[in-house]
file final.cif (mmCIF, N, CA and C atoms)
data_entry
loop_
_atom_site.label_atom_id
_atom_site.label_comp_id
_atom_site.auth_asym_id
_atom_site.auth_seq_id
_atom_site.Cartn_x
_atom_site.Cartn_y
_atom_site.Cartn_z
N MET A 9 110.31 96.63 100.38
CA MET A 9 111.64 96.35 99.91
C MET A 9 111.74 94.92 99.39
N SER A 10 110.72 94.44 98.73
CA SER A 10 110.79 93.09 98.18
C SER A 10 111.54 93.10 96.86
N THR A 11 112.10 91.95 96.54
CA THR A 11 112.76 91.77 95.26
C THR A 11 112.15 90.56 94.60
N ALA A 12 112.61 90.24 93.43
CA ALA A 12 112.06 89.07 92.73
C ALA A 12 112.47 87.77 93.40
N THR A 13 113.50 87.78 94.25
CA THR A 13 113.98 86.53 94.86
C THR A 13 113.65 86.39 96.34
N THR A 14 113.15 87.42 96.96
CA THR A 14 112.80 87.35 98.38
C THR A 14 111.46 88.04 98.64
N ALA A 15 110.89 87.73 99.78
CA ALA A 15 109.69 88.43 100.26
C ALA A 15 110.14 89.37 101.37
N SER A 16 109.30 90.31 101.76
CA SER A 16 109.61 91.19 102.88
C SER A 16 108.43 91.21 103.84
N VAL A 17 108.73 91.54 105.11
CA VAL A 17 107.73 91.49 106.16
C VAL A 17 107.79 92.76 106.99
N SER A 18 106.62 93.28 107.35
CA SER A 18 106.51 94.37 108.33
C SER A 18 105.30 94.09 109.21
N THR A 19 105.24 94.77 110.35
CA THR A 19 104.13 94.55 111.26
C THR A 19 103.89 95.79 112.10
N HIS A 20 102.73 95.85 112.70
CA HIS A 20 102.44 96.84 113.74
C HIS A 20 101.41 96.25 114.68
N ILE A 21 101.31 96.84 115.88
CA ILE A 21 100.38 96.34 116.89
C ILE A 21 99.51 97.49 117.38
N LEU A 22 98.21 97.24 117.40
CA LEU A 22 97.26 98.16 118.01
C LEU A 22 96.67 97.48 119.23
N ASP A 23 96.78 98.14 120.38
CA ASP A 23 96.18 97.65 121.62
C ASP A 23 94.72 98.09 121.59
N THR A 24 93.83 97.19 121.23
CA THR A 24 92.42 97.55 121.06
C THR A 24 91.71 97.80 122.38
N SER A 25 92.32 97.41 123.50
CA SER A 25 91.68 97.66 124.79
C SER A 25 91.75 99.13 125.18
N ILE A 26 92.70 99.85 124.60
CA ILE A 26 92.80 101.30 124.87
C ILE A 26 92.78 102.13 123.60
N GLY A 27 92.73 101.47 122.44
CA GLY A 27 92.67 102.19 121.18
C GLY A 27 93.94 102.94 120.84
N ARG A 28 95.08 102.39 121.22
CA ARG A 28 96.37 103.04 120.98
C ARG A 28 97.41 102.02 120.49
N PRO A 29 98.45 102.51 119.83
CA PRO A 29 99.53 101.61 119.43
C PRO A 29 100.19 100.98 120.65
N ALA A 30 100.67 99.77 120.50
CA ALA A 30 101.37 99.06 121.57
C ALA A 30 102.87 99.31 121.40
N GLU A 31 103.43 100.13 122.25
CA GLU A 31 104.86 100.48 122.18
C GLU A 31 105.69 99.54 123.04
N GLY A 32 106.86 99.17 122.53
CA GLY A 32 107.82 98.40 123.32
C GLY A 32 107.59 96.90 123.35
N VAL A 33 106.82 96.37 122.42
CA VAL A 33 106.61 94.92 122.36
C VAL A 33 107.75 94.29 121.56
N ALA A 34 108.45 93.36 122.19
CA ALA A 34 109.54 92.66 121.50
C ALA A 34 108.96 91.70 120.48
N ILE A 35 109.57 91.67 119.31
CA ILE A 35 109.14 90.81 118.22
C ILE A 35 110.36 90.09 117.66
N SER A 36 110.23 88.78 117.46
CA SER A 36 111.31 88.05 116.82
C SER A 36 110.79 87.44 115.52
N LEU A 37 111.69 87.32 114.56
CA LEU A 37 111.35 86.85 113.22
C LEU A 37 112.14 85.58 112.93
N SER A 38 111.44 84.57 112.46
CA SER A 38 112.07 83.31 112.05
C SER A 38 111.56 82.95 110.66
N ALA A 39 112.33 82.14 109.95
CA ALA A 39 111.96 81.73 108.61
C ALA A 39 112.38 80.29 108.37
N ARG A 40 111.73 79.68 107.40
CA ARG A 40 112.15 78.34 106.96
C ARG A 40 111.91 78.23 105.46
N SER A 41 112.54 77.24 104.86
CA SER A 41 112.49 77.10 103.40
C SER A 41 111.71 75.88 102.97
N GLY A 42 110.63 75.60 103.66
CA GLY A 42 109.76 74.48 103.32
C GLY A 42 108.99 74.03 104.55
N ALA A 43 107.88 73.35 104.34
CA ALA A 43 107.03 72.95 105.45
C ALA A 43 107.72 72.02 106.44
N ASP A 44 108.68 71.24 105.98
CA ASP A 44 109.37 70.31 106.86
C ASP A 44 110.75 70.81 107.31
N ALA A 45 111.13 72.00 106.89
CA ALA A 45 112.45 72.55 107.23
C ALA A 45 112.45 73.07 108.66
N GLU A 46 113.63 73.18 109.23
CA GLU A 46 113.81 73.75 110.57
C GLU A 46 113.67 75.26 110.51
N TRP A 47 113.16 75.85 111.59
CA TRP A 47 113.07 77.30 111.69
C TRP A 47 114.45 77.88 111.95
N THR A 48 114.75 79.01 111.31
CA THR A 48 115.98 79.75 111.53
C THR A 48 115.62 81.11 112.11
N ALA A 49 116.14 81.40 113.29
CA ALA A 49 115.90 82.71 113.90
C ALA A 49 116.71 83.75 113.13
N LEU A 50 116.03 84.80 112.68
CA LEU A 50 116.70 85.84 111.89
C LEU A 50 117.03 87.08 112.72
N GLY A 51 116.37 87.25 113.83
CA GLY A 51 116.59 88.42 114.67
C GLY A 51 115.26 89.02 115.08
N GLY A 52 115.32 90.23 115.59
CA GLY A 52 114.09 90.85 116.04
C GLY A 52 114.24 92.32 116.28
N SER A 53 113.20 92.86 116.88
CA SER A 53 113.16 94.29 117.15
C SER A 53 112.06 94.51 118.19
N ALA A 54 111.64 95.75 118.33
CA ALA A 54 110.52 96.08 119.22
C ALA A 54 109.70 97.18 118.56
N THR A 55 108.45 97.25 118.94
CA THR A 55 107.57 98.27 118.36
C THR A 55 107.93 99.66 118.88
N ASP A 56 107.76 100.65 118.01
CA ASP A 56 108.04 102.03 118.38
C ASP A 56 106.77 102.68 118.93
N ALA A 57 106.81 103.99 119.12
CA ALA A 57 105.68 104.73 119.70
C ALA A 57 104.42 104.63 118.85
N ASP A 58 104.57 104.35 117.55
CA ASP A 58 103.42 104.17 116.66
C ASP A 58 102.99 102.71 116.57
N GLY A 59 103.60 101.84 117.38
CA GLY A 59 103.28 100.42 117.36
C GLY A 59 103.88 99.68 116.19
N ARG A 60 104.77 100.35 115.46
CA ARG A 60 105.36 99.76 114.25
C ARG A 60 106.74 99.17 114.54
N CYS A 61 107.06 98.15 113.80
CA CYS A 61 108.37 97.53 113.87
C CYS A 61 108.98 97.67 112.49
N LYS A 62 109.80 98.70 112.32
CA LYS A 62 110.28 99.07 110.99
C LYS A 62 111.61 98.43 110.61
N ASP A 63 112.26 97.75 111.53
CA ASP A 63 113.60 97.27 111.22
C ASP A 63 113.76 95.75 111.40
N LEU A 64 112.75 95.02 110.98
CA LEU A 64 112.88 93.56 111.00
C LEU A 64 113.93 93.12 109.98
N PRO A 65 114.64 92.04 110.27
CA PRO A 65 115.66 91.57 109.33
C PRO A 65 115.06 91.14 108.00
N ALA A 66 115.88 91.18 106.97
CA ALA A 66 115.46 90.73 105.64
C ALA A 66 115.32 89.21 105.64
N LEU A 67 114.44 88.71 104.80
CA LEU A 67 114.26 87.27 104.66
C LEU A 67 115.30 86.73 103.68
N PRO A 68 115.84 85.56 103.96
CA PRO A 68 116.78 84.96 103.01
C PRO A 68 116.08 84.39 101.79
N GLU A 69 116.81 84.27 100.71
CA GLU A 69 116.26 83.64 99.51
C GLU A 69 115.81 82.23 99.86
N GLY A 70 114.74 81.80 99.23
CA GLY A 70 114.22 80.45 99.47
C GLY A 70 113.22 80.36 100.61
N THR A 71 112.93 81.48 101.29
CA THR A 71 111.98 81.46 102.40
C THR A 71 110.58 81.16 101.88
N THR A 72 109.92 80.19 102.51
CA THR A 72 108.54 79.86 102.15
C THR A 72 107.57 80.10 103.29
N HIS A 73 108.09 80.09 104.53
CA HIS A 73 107.26 80.31 105.71
C HIS A 73 107.97 81.27 106.67
N VAL A 74 107.16 82.09 107.30
CA VAL A 74 107.69 83.08 108.25
C VAL A 74 106.91 82.96 109.55
N ARG A 75 107.60 83.18 110.66
CA ARG A 75 106.95 83.21 111.97
C ARG A 75 107.33 84.50 112.68
N LEU A 76 106.33 85.23 113.14
CA LEU A 76 106.52 86.40 113.98
C LEU A 76 106.11 86.01 115.40
N ASP A 77 107.00 86.20 116.36
CA ASP A 77 106.70 85.94 117.76
C ASP A 77 106.63 87.26 118.50
N PHE A 78 105.46 87.57 119.04
CA PHE A 78 105.22 88.80 119.78
C PHE A 78 105.25 88.49 121.27
N GLU A 79 106.12 89.13 122.02
CA GLU A 79 106.22 88.92 123.47
C GLU A 79 105.27 89.88 124.16
N THR A 80 104.04 89.45 124.38
CA THR A 80 102.99 90.34 124.85
C THR A 80 102.89 90.47 126.37
N GLU A 81 103.35 89.47 127.10
CA GLU A 81 103.17 89.49 128.56
C GLU A 81 103.85 90.68 129.22
N ALA A 82 105.10 90.94 128.88
CA ALA A 82 105.81 92.07 129.49
C ALA A 82 105.11 93.39 129.19
N TYR A 83 104.60 93.52 127.96
CA TYR A 83 103.87 94.73 127.60
C TYR A 83 102.65 94.92 128.50
N PHE A 84 101.83 93.87 128.64
CA PHE A 84 100.62 94.01 129.44
C PHE A 84 100.91 94.20 130.92
N LEU A 85 101.94 93.54 131.43
CA LEU A 85 102.30 93.74 132.83
C LEU A 85 102.72 95.19 133.09
N SER A 86 103.41 95.79 132.12
CA SER A 86 103.85 97.18 132.29
C SER A 86 102.68 98.16 132.18
N LYS A 87 101.61 97.76 131.54
CA LYS A 87 100.45 98.63 131.31
C LYS A 87 99.27 98.29 132.21
N GLN A 88 99.40 97.29 133.04
CA GLN A 88 98.28 96.72 133.77
C GLN A 88 97.43 97.77 134.50
N ASP A 89 98.01 98.57 135.35
CA ASP A 89 97.23 99.55 136.12
C ASP A 89 96.64 100.62 135.23
N LYS A 90 97.44 101.13 134.29
CA LYS A 90 96.96 102.19 133.39
C LYS A 90 95.82 101.69 132.51
N GLN A 91 95.90 100.45 132.02
CA GLN A 91 94.85 99.95 131.14
C GLN A 91 93.54 99.74 131.89
N ALA A 92 93.61 99.26 133.11
CA ALA A 92 92.38 99.08 133.87
C ALA A 92 91.68 100.41 134.07
N GLU A 93 92.45 101.47 134.29
CA GLU A 93 91.86 102.79 134.44
C GLU A 93 91.29 103.30 133.13
N ALA A 94 91.96 103.00 132.02
CA ALA A 94 91.56 103.52 130.71
C ALA A 94 90.32 102.82 130.16
N GLN A 95 90.08 101.59 130.56
CA GLN A 95 88.96 100.83 130.02
C GLN A 95 87.69 101.13 130.81
N GLN A 96 86.63 101.39 130.10
CA GLN A 96 85.36 101.61 130.75
C GLN A 96 84.89 100.32 131.41
N ASP A 97 84.51 100.41 132.67
CA ASP A 97 84.01 99.27 133.44
C ASP A 97 85.01 98.13 133.55
N ALA A 98 86.29 98.42 133.44
CA ALA A 98 87.30 97.37 133.54
C ALA A 98 87.57 97.04 135.01
N PRO A 99 87.78 95.78 135.31
CA PRO A 99 88.14 95.45 136.70
C PRO A 99 89.51 96.04 137.03
N ALA A 100 89.66 96.45 138.25
CA ALA A 100 90.91 97.08 138.67
C ALA A 100 92.06 96.09 138.70
N ASN A 101 91.78 94.85 138.98
CA ASN A 101 92.83 93.84 139.06
C ASN A 101 92.57 92.72 138.07
N ARG A 102 93.56 92.39 137.30
CA ARG A 102 93.47 91.29 136.34
C ARG A 102 94.40 90.19 136.82
N ASP A 103 94.21 88.99 136.31
CA ASP A 103 95.04 87.86 136.73
C ASP A 103 96.51 88.19 136.53
N SER A 104 97.00 88.07 135.30
CA SER A 104 98.41 88.32 135.02
C SER A 104 98.59 89.54 134.13
N GLY A 105 97.50 90.12 133.67
CA GLY A 105 97.60 91.22 132.74
C GLY A 105 97.51 90.76 131.30
N ALA A 106 97.72 89.47 131.04
CA ALA A 106 97.63 88.96 129.67
C ALA A 106 97.29 87.48 129.71
N PHE A 107 96.20 87.13 129.08
CA PHE A 107 95.84 85.72 128.96
C PHE A 107 96.79 85.02 128.01
N PHE A 108 97.22 85.73 126.96
CA PHE A 108 98.19 85.21 126.00
C PHE A 108 99.54 85.86 126.27
N PRO A 109 100.48 85.18 126.92
CA PRO A 109 101.77 85.79 127.21
C PRO A 109 102.64 85.99 125.98
N GLU A 110 102.30 85.29 124.92
CA GLU A 110 102.98 85.48 123.64
C GLU A 110 102.01 85.14 122.52
N VAL A 111 102.26 85.70 121.37
CA VAL A 111 101.46 85.42 120.19
C VAL A 111 102.43 85.04 119.08
N ALA A 112 102.23 83.87 118.50
CA ALA A 112 103.07 83.40 117.39
C ALA A 112 102.20 83.32 116.14
N ILE A 113 102.60 84.01 115.10
CA ILE A 113 101.88 84.03 113.84
C ILE A 113 102.77 83.41 112.77
N THR A 114 102.29 82.38 112.13
CA THR A 114 103.04 81.71 111.07
C THR A 114 102.26 81.86 109.77
N PHE A 115 102.97 82.22 108.70
CA PHE A 115 102.30 82.42 107.41
C PHE A 115 103.24 82.07 106.27
N ALA A 116 102.64 81.76 105.12
CA ALA A 116 103.40 81.40 103.92
C ALA A 116 103.70 82.66 103.11
N VAL A 117 104.86 82.68 102.46
CA VAL A 117 105.25 83.81 101.62
C VAL A 117 105.74 83.32 100.26
N VAL A 118 105.70 84.21 99.29
CA VAL A 118 106.26 83.94 97.97
C VAL A 118 107.20 85.09 97.61
N PRO A 119 108.25 84.80 96.85
CA PRO A 119 109.19 85.84 96.47
C PRO A 119 108.51 86.99 95.74
N GLY A 120 109.03 88.18 95.97
CA GLY A 120 108.53 89.36 95.28
C GLY A 120 107.35 90.02 95.95
N GLN A 121 106.82 89.43 97.00
CA GLN A 121 105.65 89.98 97.69
C GLN A 121 106.07 90.64 99.01
N HIS A 122 105.31 91.66 99.40
CA HIS A 122 105.49 92.26 100.73
C HIS A 122 104.32 91.81 101.60
N TYR A 123 104.61 91.46 102.84
CA TYR A 123 103.61 90.99 103.78
C TYR A 123 103.60 91.91 104.99
N HIS A 124 102.51 92.67 105.13
CA HIS A 124 102.32 93.49 106.32
C HIS A 124 101.32 92.75 107.19
N VAL A 125 101.72 92.43 108.42
CA VAL A 125 100.92 91.58 109.29
C VAL A 125 100.60 92.34 110.58
N PRO A 126 99.48 93.08 110.60
CA PRO A 126 99.09 93.80 111.80
C PRO A 126 98.51 92.86 112.86
N LEU A 127 98.79 93.18 114.11
CA LEU A 127 98.24 92.44 115.24
C LEU A 127 97.33 93.39 116.03
N LEU A 128 96.07 93.01 116.15
CA LEU A 128 95.11 93.74 116.98
C LEU A 128 95.04 92.97 118.29
N LEU A 129 95.42 93.63 119.38
CA LEU A 129 95.70 92.94 120.63
C LEU A 129 94.92 93.53 121.79
N ASN A 130 94.45 92.67 122.68
CA ASN A 130 93.92 93.11 123.97
C ASN A 130 94.30 92.03 124.99
N PRO A 131 94.12 92.26 126.27
CA PRO A 131 94.61 91.29 127.25
C PRO A 131 94.01 89.88 127.12
N PHE A 132 92.85 89.74 126.49
CA PHE A 132 92.21 88.45 126.46
C PHE A 132 91.90 87.95 125.05
N GLY A 133 92.49 88.55 124.04
CA GLY A 133 92.27 88.10 122.68
C GLY A 133 93.13 88.86 121.70
N TYR A 134 93.18 88.35 120.50
CA TYR A 134 93.92 89.02 119.43
C TYR A 134 93.35 88.61 118.09
N SER A 135 93.66 89.43 117.10
CA SER A 135 93.28 89.16 115.71
C SER A 135 94.45 89.60 114.85
N VAL A 136 94.62 88.91 113.75
CA VAL A 136 95.72 89.22 112.83
C VAL A 136 95.20 89.06 111.41
N TYR A 137 95.79 89.82 110.50
CA TYR A 137 95.36 89.75 109.11
C TYR A 137 96.50 90.19 108.21
N ARG A 138 96.39 89.90 106.92
CA ARG A 138 97.37 90.40 105.96
C ARG A 138 96.93 91.80 105.56
N GLY A 139 97.73 92.76 105.91
CA GLY A 139 97.45 94.14 105.59
C GLY A 139 98.07 94.54 104.28
N SER A 140 98.15 95.86 104.09
CA SER A 140 98.74 96.36 102.84
C SER A 140 99.84 97.35 103.14
#
call {"tool": "encode", "arguments": {"input": "final.cif", "output": "structure tokens"}}
result
Amino acid sequence: MSTATTASVSTHILDTSIGRPAEGVAISLSARSGADAEWTALGGSATDADGRCKDLPALPEGTTHVRLDFETEAYFLSKQDKQAEAQQDAPANRDSGAFFPEVAITFAVVPGQHYHVPLLLNPFGYSVYRGS
């Protein structure tokens, strides 16, 4: 849903420790209009059963940088026992369930472009990339 004057953003999360989408992860979206500008919180959502967040707020005109904040700790704490069972040779007890209690991804955008930013997540690491 990009236009010539704004960019658009979407995301999804795959829990690579179990090979399934990460459902119920809260995500907040912020934007700014320059490298030295203040961040403006635009709102947020949570991932659905497919790990997708389809209803992130639209970016305002003039946005040059976007930040996605993924609240991962609550997700891992809710999955802690099930994930240990699902992982081959996984220890039954983990410290907190997540080494990274949150993941913040900041990226630059240009008007007219769509940015799909998938997060590949496990309790002790993550990877992110610009998808399509």
call {"tool": "select_by_dssp", "arguments": {"input": "final.cif", "residues": "chain A", "states": "strand (DSSP E)", "output": "ChimeraX atom specification"}}
result
/A:16-23,28-29,34-40,48-54,60-61,73-79,111-116,122-130,133-136
call {"tool": "atom_distance", "arguments": {"input": "final.cif", "atom1": "atom CA of Thr80 of chain A", "atom2": "atom C of Leu50 of chain A"}}
result
18.8 Å
call {"tool": "resolve_selection", "arguments": {"input": "final.cif", "expression": "the PyMOL selection byres ((chain A and resi 26-29) around 6.5)", "output": "mmCIF file with N, CA and C atoms, keeping the file's coordinate frame"}}
result
data_model
loop_
_atom_site.group_PDB
_atom_site.id
_atom_site.type_symbol
_atom_site.label_atom_id
_atom_site.label_comp_id
_atom_site.auth_asym_id
_atom_site.auth_seq_id
_atom_site.Cartn_x
_atom_site.Cartn_y
_atom_site.Cartn_z
ATOM 1 N N ILE A 21 101.310 96.840 115.880
ATOM 2 C CA ILE A 21 100.380 96.340 116.890
ATOM 3 C C ILE A 21 99.510 97.490 117.380
ATOM 4 N N LEU A 22 98.210 97.240 117.400
ATOM 5 C CA LEU A 22 97.260 98.160 118.010
ATOM 6 C C LEU A 22 96.670 97.480 119.230
ATOM 7 N N ASP A 23 96.780 98.140 120.380
ATOM 8 C CA ASP A 23 96.180 97.650 121.620
ATOM 9 C C ASP A 23 94.720 98.090 121.590
ATOM 10 N N THR A 24 93.830 97.190 121.230
ATOM 11 C CA THR A 24 92.420 97.550 121.060
ATOM 12 C C THR A 24 91.710 97.800 122.380
ATOM 13 N N SER A 25 92.320 97.410 123.500
ATOM 14 C CA SER A 25 91.680 97.660 124.790
ATOM 15 C C SER A 25 91.750 99.130 125.180
ATOM 16 N N ALA A 30 100.670 99.770 120.500
ATOM 17 C CA ALA A 30 101.370 99.060 121.570
ATOM 18 C C ALA A 30 102.870 99.310 121.400
ATOM 19 N N GLU A 31 103.430 100.130 122.250
ATOM 20 C CA GLU A 31 104.860 100.480 122.180
ATOM 21 C C GLU A 31 105.690 99.540 123.040
ATOM 22 N N ALA A 57 106.810 103.990 119.120
ATOM 23 C CA ALA A 57 105.680 104.730 119.700
ATOM 24 C C ALA A 57 104.420 104.630 118.850
ATOM 25 N N ASP A 58 104.570 104.350 117.550
ATOM 26 C CA ASP A 58 103.420 104.170 116.660
ATOM 27 C C ASP A 58 102.990 102.710 116.570
ATOM 28 N N GLY A 59 103.600 101.840 117.380
ATOM 29 C CA GLY A 59 103.280 100.420 117.360
ATOM 30 C C GLY A 59 103.880 99.680 116.190
ATOM 31 N N ALA A 94 91.960 103.000 132.020
ATOM 32 C CA ALA A 94 91.560 103.520 130.710
ATOM 33 C C ALA A 94 90.320 102.820 130.160
ATOM 34 N N GLN A 95 90.080 101.590 130.560
ATOM 35 C CA GLN A 95 88.960 100.830 130.020
ATOM 36 C C GLN A 95 87.690 101.130 130.810
#
call {"tool": "atom_distance", "arguments": {"input": "final.cif", "atom1": "atom CA of Asp77 of chain A", "atom2": "atom CA of Thr114 of chain A"}}
result
8.7 Å
call {"tool": "atom_distance", "arguments": {"input": "final.cif", "atom1": "atom CA of Phe84 of chain A", "atom2": "atom C of Ala106 of chain A"}}
result
7.3 Å
call {"tool": "closest_residue", "arguments": {"input": "final.cif", "among": "A:Leu85, A:Cys61, A:Ala15, A:Ala49", "to": "His122 of chain A", "atoms": "all atoms listed in the file"}}
result
A:Ala15
call {"tool": "residues_around", "arguments": {"input": "final.cif", "residues": "segment 38-45 of chain A", "least_positions_apart": "5", "cutoff": "7 Å", "atoms": "all atoms listed in the file", "output": "count of residues only"}}
result
10
call {"tool": "resolve_selection", "arguments": {"input": "final.cif", "expression": "the PyMOL selection byres ((chain A and resi 62) around 8)", "output": "PDB file with N, CA and C atoms, keeping the file's coordinate frame"}}
result
ATOM      1  N   VAL A  17     108.730  91.540 105.110  1.00  0.00           N
ATOM      2  CA  VAL A  17     107.730  91.490 106.160  1.00  0.00           C
ATOM      3  C   VAL A  17     107.790  92.760 106.990  1.00  0.00           C
ATOM      4  N   SER A  18     106.620  93.280 107.350  1.00  0.00           N
ATOM      5  CA  SER A  18     106.510  94.370 108.330  1.00  0.00           C
ATOM      6  C   SER A  18     105.300  94.090 109.210  1.00  0.00           C
ATOM      7  N   THR A  19     105.240  94.770 110.350  1.00  0.00           N
ATOM      8  CA  THR A  19     104.130  94.550 111.260  1.00  0.00           C
ATOM      9  C   THR A  19     103.890  95.790 112.100  1.00  0.00           C
ATOM     10  N   HIS A  20     102.730  95.850 112.700  1.00  0.00           N
ATOM     11  CA  HIS A  20     102.440  96.840 113.740  1.00  0.00           C
ATOM     12  C   HIS A  20     101.410  96.250 114.680  1.00  0.00           C
ATOM     13  N   SER A  53     113.200  92.860 116.880  1.00  0.00           N
ATOM     14  CA  SER A  53     113.160  94.290 117.150  1.00  0.00           C
ATOM     15  C   SER A  53     112.060  94.510 118.190  1.00  0.00           C
ATOM     16  N   ALA A  54     111.640  95.750 118.330  1.00  0.00           N
ATOM     17  CA  ALA A  54     110.520  96.080 119.220  1.00  0.00           C
ATOM     18  C   ALA A  54     109.700  97.180 118.560  1.00  0.00           C
ATOM     19  N   THR A  55     108.450  97.250 118.940  1.00  0.00           N
ATOM     20  CA  THR A  55     107.570  98.270 118.360  1.00  0.00           C
ATOM     21  C   THR A  55     107.930  99.660 118.880  1.00  0.00           C
ATOM     22  N   ASP A  56     107.760 100.650 118.010  1.00  0.00           N
ATOM     23  CA  ASP A  56     108.040 102.030 118.380  1.00  0.00           C
ATOM     24  C   ASP A  56     106.770 102.680 118.930  1.00  0.00           C
ATOM     25  N   GLY A  59     103.600 101.840 117.380  1.00  0.00           N
ATOM     26  CA  GLY A  59     103.280 100.420 117.360  1.00  0.00           C
ATOM     27  C   GLY A  59     103.880  99.680 116.190  1.00  0.00           C
ATOM     28  N   ARG A  60     104.770 100.350 115.460  1.00  0.00           N
ATOM     29  CA  ARG A  60     105.360  99.760 114.250  1.00  0.00           C
ATOM     30  C   ARG A  60     106.740  99.170 114.540  1.00  0.00           C
ATOM     31  N   CYS A  61     107.060  98.150 113.800  1.00  0.00           N
ATOM     32  CA  CYS A  61     108.370  97.530 113.870  1.00  0.00           C
ATOM     33  C   CYS A  61     108.980  97.670 112.490  1.00  0.00           C
ATOM     34  N   ASP A  63     112.260  97.750 111.530  1.00  0.00           N
ATOM     35  CA  ASP A  63     113.600  97.270 111.220  1.00  0.00           C
ATOM     36  C   ASP A  63     113.760  95.750 111.400  1.00  0.00           C
ATOM     37  N   LEU A  64     112.750  95.020 110.980  1.00  0.00           N
ATOM     38  CA  LEU A  64     112.880  93.560 111.000  1.00  0.00           C
ATOM     39  C   LEU A  64     113.930  93.120 109.980  1.00  0.00           C
ATOM     40  N   PRO A  65     114.640  92.040 110.270  1.00  0.00           N
ATOM     41  CA  PRO A  65     115.660  91.570 109.330  1.00  0.00           C
ATOM     42  C   PRO A  65     115.060  91.140 108.000  1.00  0.00           C
TER      43      PRO A  65
END
call {"tool": "select_by_dssp", "arguments": {"input": "final.cif", "residues": "chain A", "states": "helix (DSSP H, G or I)", "output": "list in words"}}
result
Thr80, Glu81, Ala82, Tyr83, Phe84, Leu85, Ser86, Lys87, Gln88, Asp89, Lys90, Gln91, Ala92, Glu93 and Ala94 of chain A
call {"tool": "resolve_selection", "arguments": {"input": "final.cif", "expression": "the PyMOL selection byres (((chain A and resi 107 and name CA) around 6) and name CA)", "output": "list in words"}}
result
Ala106, Phe108, Pro131 and Phe132 of chain A
call {"tool": "write_last_selection", "arguments": {"input": "final.cif", "atoms": "N, CA and C atoms", "output": "CSV table (one decimal), keeping the file's coordinate frame"}}
result
chain,number,residue,atom,x,y,z
A,106,ALA,N,97.7,89.5,131.0
A,106,ALA,CA,97.6,89.0,129.7
A,106,ALA,C,97.3,87.5,129.7
A,108,PHE,N,97.2,85.7,127.0
A,108,PHE,CA,98.2,85.2,126.0
A,108,PHE,C,99.5,85.9,126.3
A,131,PRO,N,94.1,92.3,126.3
A,131,PRO,CA,94.6,91.3,127.2
A,131,PRO,C,94.0,89.9,127.1
A,132,PHE,N,92.8,89.7,126.5
A,132,PHE,CA,92.2,88.4,126.5
A,132,PHE,C,91.9,88.0,125.0
call {"tool": "closest_residue", "arguments": {"input": "final.cif", "among": "A:Tyr83, A:Ser16, A:Leu67, A:Gln88", "to": "Val125 of chain A", "atoms": "only C-alpha atoms"}}
result
A:Ser16
call {"tool": "closest_residue", "arguments": {"input": "final.cif", "among": "A:Val136, A:Lys87, A:Glu81, A:Gly32", "to": "Val111 of chain A", "atoms": "all atoms listed in the file"}}
result
A:Glu81
